[in-house]
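K.L.:
For reference, this is start.cif, and it has mmCIF, C-alpha atoms.
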data_data
#
loop_
_atom_site.label_atom_id
_atom_site.label_comp_id
_atom_site.auth_asym_id
_atom_site.auth_seq_id
_atom_site.Cartn_x
_atom_site.Cartn_y
_atom_site.Cartn_z
CA MET E 16 7.24 -14.31 10.65
CA ASN E 17 7.45 -11.07 12.60
CA LEU E 18 4.70 -8.96 10.99
CA ALA E 19 4.27 -5.28 11.86
CA ILE E 20 1.99 -2.54 10.53
CA LEU E 21 2.99 0.78 8.96
CA PHE E 22 0.08 3.18 9.41
CA TRP E 23 0.37 5.75 6.62
CA PHE E 24 -1.53 8.99 7.12
CA TYR E 25 -1.51 12.69 6.38
CA LYS E 26 -4.85 14.23 7.43
CA GLU E 27 -8.02 13.81 9.53
CA PRO E 28 -6.52 13.14 12.98
CA LYS E 29 -9.82 12.03 14.53
CA ILE E 30 -10.37 9.49 11.78
CA CYS E 31 -6.76 8.35 12.16
CA GLU E 32 -7.37 7.78 15.86
CA ASN E 33 -10.52 5.82 15.04
CA ARG E 34 -8.65 3.64 12.55
CA LEU E 35 -5.80 3.00 14.97
CA LYS E 36 -8.25 1.88 17.65
CA LEU E 37 -9.69 -0.65 15.18
CA ILE E 38 -6.23 -1.84 14.21
CA LYS E 39 -5.28 -2.32 17.85
CA LYS E 40 -8.58 -4.09 18.59
CA TYR E 41 -8.05 -6.73 15.93
CA ASN E 42 -4.24 -6.83 15.95
CA PRO E 43 -3.24 -6.37 19.60
CA SER E 44 -0.01 -8.34 19.25
CA LEU E 45 1.39 -6.40 16.28
CA LYS E 46 3.68 -3.38 16.43
CA VAL E 47 2.15 -0.35 14.70
CA TYR E 48 4.56 2.23 13.30
CA GLY E 49 3.40 5.61 12.01
CA LEU E 50 4.38 7.29 8.74
CA PHE E 51 3.09 10.86 8.64
CA GLY E 52 3.11 12.28 5.12
CA GLY E 53 1.29 15.56 5.70
CA LYS E 54 2.51 19.08 6.38
CA VAL E 55 5.68 19.02 8.45
CA SER E 56 4.38 21.96 10.47
CA GLU E 57 1.50 19.75 11.69
CA ALA E 58 3.59 16.72 12.59
CA GLU E 59 3.99 17.48 16.29
CA SER E 60 0.24 17.97 16.67
CA TYR E 61 -0.43 14.58 15.08
CA LYS E 62 2.28 12.98 17.18
CA GLU E 63 0.73 14.30 20.36
CA LYS E 64 -2.74 13.04 19.38
CA LEU E 65 -1.78 9.61 18.05
CA SER E 66 1.38 8.48 19.87
CA ASP E 67 -0.61 6.43 22.41
CA TYR E 68 -1.57 4.11 19.54
CA LEU E 69 1.81 3.99 17.79
CA ASP E 70 5.06 2.23 18.61
CA ASP E 71 6.99 4.80 16.58
CA PHE E 72 6.23 8.04 14.73
CA TYR E 73 8.12 9.14 11.62
CA THR E 74 7.57 12.27 9.53
CA PHE E 75 8.34 12.36 5.81
CA ASP E 76 10.02 15.76 5.63
CA LEU E 77 11.37 15.98 2.09
CA ASP E 78 10.21 19.03 0.14
CA LYS E 79 7.70 17.38 -2.22
CA ASP E 80 4.28 18.65 -3.32
CA SER E 81 1.02 16.74 -2.83
CA ASP E 82 0.94 15.40 -6.40
CA TRP E 83 4.41 13.90 -5.98
CA ARG E 84 3.40 12.33 -2.68
CA TRP E 85 0.30 10.79 -4.23
CA ILE E 86 2.15 9.28 -7.17
CA ASN E 87 5.23 8.25 -5.18
CA GLY E 88 3.87 6.63 -2.05
CA ASP E 89 6.38 3.84 -2.52
CA LEU E 90 9.23 6.32 -2.21
CA MET E 91 7.77 7.76 0.98
CA ILE E 92 7.68 4.26 2.42
CA LEU E 93 11.23 3.68 1.21
CA ASP E 94 12.35 6.91 2.89
CA TRP E 95 10.77 5.66 6.13
CA PHE E 96 12.61 2.36 5.76
CA ASP E 97 15.96 3.99 5.00
CA LYS E 98 15.87 6.53 7.82
CA LYS E 99 13.87 4.73 10.51
CA GLY E 100 12.24 1.43 9.59
CA ARG E 101 15.42 -0.60 9.10
CA ASP E 102 16.18 -0.17 12.82
CA LEU E 103 12.73 -1.27 14.02
CA ASP E 104 11.55 -4.77 14.92
CA TRP E 105 9.85 -6.55 11.98
CA ASP E 106 10.39 -9.03 9.16
CA SER E 107 7.44 -7.93 7.01
CA ILE E 108 5.49 -4.69 7.09
CA ALA E 109 1.79 -4.33 6.21
CA ILE E 110 0.87 -0.91 4.80
CA VAL E 111 -2.45 0.30 6.22
CA GLN E 112 -3.74 3.65 5.00
CA TRP E 113 -5.67 6.14 7.16
CA ASP E 114 -8.88 5.68 5.15
CA MET E 115 -8.85 1.87 5.40
CA LEU E 116 -10.98 -0.25 7.72
CA VAL E 117 -9.47 -3.46 9.11
CA PHE E 118 -11.84 -5.83 10.93
CA ASP E 119 -9.67 -8.89 11.47
CA SER E 120 -6.20 -9.98 12.45
CA LEU E 121 -3.84 -9.55 9.52
CA LEU E 122 -2.13 -12.74 10.67
CA ASN E 123 -5.43 -14.49 10.07
CA GLN E 124 -6.19 -12.71 6.80
CA PHE E 125 -2.77 -13.58 5.40
CA ALA E 126 -2.17 -16.92 7.08
CA GLY E 127 0.61 -18.77 5.35
CA ILE E 128 2.57 -15.80 4.04
CA LYS E 129 6.29 -16.28 4.54
CA LYS E 130 8.68 -13.59 5.74
CA ASP E 131 10.39 -13.17 2.35
CA GLN E 132 7.16 -13.04 0.31
CA ILE E 133 5.49 -9.88 -0.97
CA TYR E 134 1.75 -9.27 -1.12
CA LEU E 135 0.31 -6.71 -3.56
CA SER E 136 -3.42 -6.05 -3.83
CA GLY E 137 -4.91 -6.51 -7.29
CA LEU E 138 -1.79 -8.15 -8.74
CA ARG E 139 -2.27 -9.05 -12.40
CA GLU E 140 -0.64 -8.90 -15.79
CA ILE E 141 -0.86 -5.81 -17.99
CA ASP E 142 -2.94 -7.62 -20.58
CA LYS E 143 -5.01 -6.08 -23.36
CA GLU E 144 -7.85 -5.16 -20.99
CA VAL E 145 -5.53 -3.27 -18.63
CA GLU E 146 -3.60 -1.62 -21.45
CA ASN E 147 -6.79 -0.37 -23.09
CA LYS E 148 -8.53 0.86 -19.90
CA TRP E 149 -5.87 1.88 -17.38
CA ASP E 150 -4.70 5.50 -17.71
CA TRP E 151 -1.20 4.75 -16.42
CA VAL E 152 -0.33 2.62 -19.44
CA GLU E 153 -3.08 3.28 -22.00
CA PRO E 154 -1.86 4.27 -25.49
CA GLY E 155 -2.52 7.98 -26.05
CA SER E 156 -2.70 8.82 -22.34
CA LYS E 157 -0.37 11.41 -20.82
CA GLU E 158 1.22 8.69 -18.65
CA ARG E 159 2.02 6.31 -21.51
CA GLN E 160 5.48 7.77 -22.16
CA ASN E 161 6.48 7.37 -18.52
CA TYR E 162 5.47 3.71 -18.70
CA LEU E 163 7.50 3.12 -21.85
CA GLU E 164 10.51 4.89 -20.31
CA PHE E 165 10.24 2.67 -17.26
CA LEU E 166 10.16 -0.50 -19.37
CA GLU E 167 13.24 0.73 -21.23
CA TYR E 168 14.97 1.56 -17.92
CA VAL E 169 14.46 -1.91 -16.42
CA LYS E 170 15.39 -3.58 -19.69
CA LYS E 171 18.65 -1.61 -19.91
CA ASN E 172 19.60 -1.89 -16.24
CA TYR E 173 18.20 -5.29 -15.26
CA GLY E 174 17.58 -7.15 -18.49
CA TYR E 175 13.86 -7.27 -17.72
CA THR E 176 11.76 -8.11 -20.77
CA GLY E 177 8.73 -9.65 -19.08
CA ARG E 178 5.76 -9.98 -21.42
CA PRO E 179 3.21 -9.10 -20.35
CA PRO E 180 4.52 -6.91 -17.52
CA LEU E 181 2.93 -6.98 -14.07
CA CYS E 182 0.81 -4.39 -12.28
CA SER E 183 -1.20 -4.02 -9.08
CA LEU E 184 -3.35 -1.45 -7.30
CA PHE E 185 -1.63 0.28 -4.40
CA ILE E 186 -4.34 -0.26 -1.78
CA PHE E 187 -2.91 -2.85 0.60
CA GLN E 188 0.63 -4.25 0.58
CA ILE E 189 2.88 -6.42 2.69
CA PHE E 190 6.57 -5.78 2.03
CA PRO E 191 9.31 -8.12 3.24
CA ARG E 192 12.40 -6.36 4.54
CA MET E 193 14.41 -7.88 1.70
CA PHE E 194 12.30 -6.11 -0.94
CA LEU E 195 12.86 -2.65 0.55
CA GLU E 196 16.58 -3.33 0.96
CA LYS E 197 16.85 -4.22 -2.71
CA TYR E 198 14.61 -1.34 -3.79
CA LEU E 199 17.05 1.10 -2.19
CA THR E 200 19.69 -0.04 -4.68
CA VAL E 201 17.68 1.25 -7.67
CA LYS E 202 19.36 4.41 -8.94
CA ASN E 203 16.44 6.10 -10.71
CA ARG E 204 13.44 5.31 -8.54
CA GLU E 205 11.21 8.09 -9.91
CA VAL E 206 10.87 6.76 -13.45
CA GLY E 207 7.59 4.88 -13.75
CA MET E 208 4.50 4.69 -11.52
CA LEU E 209 4.35 2.67 -8.30
CA GLU E 210 1.47 0.38 -9.32
CA TYR E 211 3.56 -1.32 -11.97
CA LYS E 212 7.00 -0.40 -10.61
CA ILE E 213 6.63 -2.42 -7.42
CA PRO E 214 5.50 -5.76 -8.91
CA ILE E 215 8.03 -5.52 -11.71
CA TYR E 216 10.89 -4.75 -9.33
CA ALA E 217 9.72 -7.58 -7.07
CA LYS E 218 9.96 -9.89 -10.08
CA ILE E 219 13.41 -8.51 -10.97
CA PHE E 220 14.62 -9.00 -7.38
CA GLY E 221 13.37 -12.58 -7.29
CA ILE E 222 10.82 -11.93 -4.54
CA ASP E 223 8.09 -14.56 -4.32
CA PHE E 224 4.49 -13.31 -4.53
CA PHE E 225 1.90 -14.36 -1.96
CA LYS E 226 -1.42 -14.46 -3.76
CA LYS E 227 -4.84 -13.96 -2.22
CA ASP E 228 -8.05 -12.35 -3.45
CA ILE E 229 -9.11 -9.62 -1.02
CA GLY E 230 -11.72 -8.07 -3.30
CA VAL E 231 -9.94 -5.44 -5.36
CA HIS E 232 -12.01 -3.40 -7.81
CA TRP E 233 -10.46 -3.14 -11.25
CA PHE E 234 -12.96 -2.55 -14.08
CA SER E 235 -16.12 -4.42 -13.06
CA ASP E 236 -19.35 -2.54 -12.24
CA LYS E 237 -19.86 -4.86 -9.27
CA GLN E 238 -19.26 -3.43 -5.80
CA LYS E 239 -15.96 -4.56 -4.27
CA PRO E 240 -14.49 -3.94 -0.79
CA LEU E 241 -11.27 -2.33 -2.03
CA ASN E 242 -11.24 0.61 -4.39
CA ALA E 243 -8.13 2.48 -5.56
CA VAL E 244 -10.05 5.61 -6.55
CA PRO E 245 -11.70 8.02 -4.07
CA LYS E 246 -15.13 6.38 -4.21
CA GLU E 247 -16.24 5.57 -0.68
CA ILE E 248 -17.36 2.03 0.13
CA PRO E 249 -21.01 2.24 1.31
CA ARG E 250 -21.67 1.57 5.00
CA ASP E 251 -24.54 -0.81 4.25
CA TYR E 252 -22.27 -2.89 2.02
CA ILE E 253 -19.67 -3.14 4.79
CA ASP E 254 -22.32 -4.07 7.39
CA LYS E 255 -23.68 -6.88 5.19
CA ARG E 256 -20.21 -8.29 4.62
CA LEU E 257 -19.30 -8.20 8.30
CA LYS E 258 -22.40 -10.21 9.19
CA LYS E 259 -21.24 -13.06 6.94
CA LYS E 260 -18.72 -15.60 8.15
CA ASP E 261 -15.47 -15.77 6.18
CA ASP E 262 -16.34 -12.71 4.06
CA TRP E 263 -14.39 -9.53 3.34
CA ARG E 264 -12.77 -7.88 6.36
CA ILE E 265 -10.69 -5.07 4.82
CA PHE E 266 -12.36 -2.06 3.15
CA HIS E 267 -11.02 1.04 1.36
CA PRO E 268 -11.73 3.91 1.21
CA TYR E 269 -14.05 4.92 4.05
CA TYR E 270 -13.85 8.56 5.10
CA LYS E 271 -16.01 8.66 8.23
CA ILE E 272 -15.44 7.67 11.83
CA TRP E 273 -16.51 4.05 12.21
CA ARG E 274 -19.06 3.53 14.98
CA GLU E 275 -20.00 -0.05 15.77
#
Let me see the file written as structure tokens.

P.N.:
Amino acid sequence: MNLAILFWFYKEPKICENRLKLIKKYNPSLKVYGLFGGKVSEAESYKEKLSDYLDDFYTFDLDKDSDWRWINGDLMILDWFDKKGRDLDWDSIAIVQWDMLVFDSLLNQFAGIKKDQIYLSGLREIDKEVENKWDWVEPGSKERQNYLEFLEYVKKNYGYTGRPPLCSLFIFQIFPRMFLEKYLTVKNREVGMLEYKIPIYAKIFGIDFFKKDIGVHWFSDKQKPLNAVPKEIPRDYIDKRLKKKDDWRIFHPYYKIWRE
């Protein structure tokens, strides 16, 4: 499998540089492509500062506000694929965010993944626990209607009636080229929210899931290495994990420059 990395970023250029150095340290053989999702007026400045660490630099330049960009990260990645990524050298693309720490080779962390498989962090079914606690689908929440409209859309257009539906947390992903090619064929890509859209479309498209626990925090009070909300992973927790053999090696979010 020809794995590459898509480094997705939009602010904090010094931290981005720090993260890219870590990525290159542990993944020297992998191509690293850049997806800049910040202000278009700042793109050239970021390109100048970070190009030494990137094999390509792409700017998402559609006129969308910050809320749209936060909710529709999948569509930013799809825009990259449509306009640039399809012509680059890779079979599968690992999405690494600017506020993520990676302390191992992704080829080692995901040994055994095949080029047509998809990996989604926190993949699970939308069971009673999720439905009663997760704002994106919870009855009575402002996002509930969007979820129901999405289920109706995929039922009408694809015959999807999966029960229970699937969901994930959009922290770390590996997309095979085939998934993005098929995703481009969806006519209404803005209905629904990416954390259930992506696994459900993967199921619809017949994409096989690669499954591995990388420590995603859902509802437990216990500290985990990967958090989907802006609650920083403590440095002492990371240090303790790194001292242990065969322990967690990917952490999110961490908002400071990492100094070893």

K.L.:
For Tyr211 (chain E), which residue among E:Asp251, E:Asp236, E:Glu57, E:Glu140 is the nearest when counting all atoms listed in the file?

P.N.:
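Of E:Asp251, E:Asp236, E:Glu57, E:Glu140, the one nearest Tyr211 (chain E) is E:Glu140, counting all atoms listed in the file.
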
K.L.:
Evaluate the PyMOL selection byres ((chain E and resi 191) around 6) against this structure - the residues, as a list of chain:residue names, please.

P.N.:
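Those residues are E:Ser107, E:Asp131, E:Ile133, E:Phe190, E:Arg192, E:Met193, E:Phe194.
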
K.L.:
Using CA of Asp71 (chain E) and CA of Val47 (chain E) as the two end points, give the distance in Å to one decimal.

P.N.:
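Between CA of Asp71 (chain E) and CA of Val47 (chain E) the gap is 7.3 Å.
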
K.L.:
For Trp85 (chain E), please output as a PyMOL selection string all residues within 10 Å (counting all atoms listed in the file; exclusion window: fewer than 6 positions along the same chain).

P.N.:
chain E and resi 52+91+209

K.L.:
Output C-alpha atoms for every residue in that selection, as a PDB file, keeping the file's coordinate frame.

P.N.:
ATOM      1  CA  GLY E  52       3.110  12.280   5.120  1.00  0.00           C
ATOM      2  CA  MET E  91       7.770   7.760   0.980  1.00  0.00           C
ATOM      3  CA  LEU E 209       4.350   2.670  -8.300  1.00  0.00           C
TER       4      LEU E 209
END

K.L.:
So which one's closest to Phe266 (chain E), E:Lys226, E:Lys79, E:Lys239, E:Arg204? Using all atoms listed in the file, please.

P.N.:
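Once distances to Phe266 (chain E) are computed over all atoms listed in the file, the minimum belongs to E:Lys239.
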
K.L.:
Check the smallest atom-to-atom distance from each of E:Ile30, E:Leu138, E:Leu241, E:Leu90 to Arg274 (chain E) using all atoms listed in the file, then report the winner.

P.N.:
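Once distances to Arg274 (chain E) are computed over all atoms listed in the file, the minimum belongs to E:Ile30.
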
K.L.:
So that I can look at just that part, could you write region 32-89 of chain E with C-alpha atoms, as a compact mmCIF listing (two decimals), in the first residue's frame?

P.N.:
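Produced file selection-v5.txt, reproduced below:
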# COMPACT_ATOMS: atom_id res chain seq x y z
CA GLU E 32 6.11 23.46 11.87
CA ASN E 33 6.68 21.60 15.13
CA ARG E 34 4.10 18.97 14.20
CA LEU E 35 5.53 18.52 10.72
CA LYS E 36 9.00 17.95 12.15
CA LEU E 37 7.57 15.18 14.36
CA ILE E 38 5.73 13.65 11.42
CA LYS E 39 8.89 13.65 9.33
CA LYS E 40 10.93 12.22 12.20
CA TYR E 41 8.70 9.19 12.61
CA ASN E 42 7.49 8.87 9.01
CA PRO E 43 10.50 9.79 6.86
CA SER E 44 9.43 7.60 3.94
CA LEU E 45 5.90 9.00 3.58
CA LYS E 46 4.81 11.85 1.35
CA VAL E 47 3.21 14.69 3.34
CA TYR E 48 0.72 16.88 1.51
CA GLY E 49 -0.65 20.10 3.00
CA LEU E 50 -4.27 21.22 3.14
CA PHE E 51 -4.52 24.81 4.36
CA GLY E 52 -8.03 25.69 5.50
CA GLY E 53 -7.41 29.12 7.00
CA LYS E 54 -7.74 32.62 5.59
CA VAL E 55 -6.83 32.67 1.91
CA SER E 56 -4.99 35.96 2.44
CA GLU E 57 -2.57 34.13 4.78
CA ALA E 58 -1.93 31.14 2.53
CA GLU E 59 1.27 32.42 0.92
CA SER E 60 2.77 33.18 4.32
CA TYR E 61 2.05 29.64 5.52
CA LYS E 62 3.37 28.20 2.28
CA GLU E 63 6.63 30.07 2.68
CA LYS E 64 7.04 28.90 6.28
CA LEU E 65 6.04 25.25 5.84
CA SER E 66 6.88 24.22 2.27
CA ASP E 67 10.22 22.69 3.33
CA TYR E 68 8.23 20.03 5.21
CA LEU E 69 5.52 19.45 2.60
CA ASP E 70 5.51 17.63 -0.73
CA ASP E 71 2.57 19.75 -1.89
CA PHE E 72 0.58 22.73 -0.59
CA TYR E 73 -3.11 23.24 -1.35
CA THR E 74 -5.37 26.06 -0.17
CA PHE E 75 -9.10 25.56 0.33
CA ASP E 76 -10.35 28.78 -1.22
CA LEU E 77 -14.13 28.39 -1.32
CA ASP E 78 -16.06 31.20 0.40
CA LYS E 79 -17.18 29.37 3.55
CA ASP E 80 -17.29 30.67 7.13
CA SER E 81 -15.46 29.05 10.07
CA ASP E 82 -18.55 27.21 11.33
CA TRP E 83 -19.06 25.58 7.94
CA ARG E 84 -15.41 24.57 7.81
CA TRP E 85 -15.59 23.02 11.26
CA ILE E 86 -18.69 20.98 10.51
CA ASN E 87 -17.68 20.07 6.94
CA GLY E 88 -14.07 19.02 7.21
CA ASP E 89 -14.88 16.04 5.02
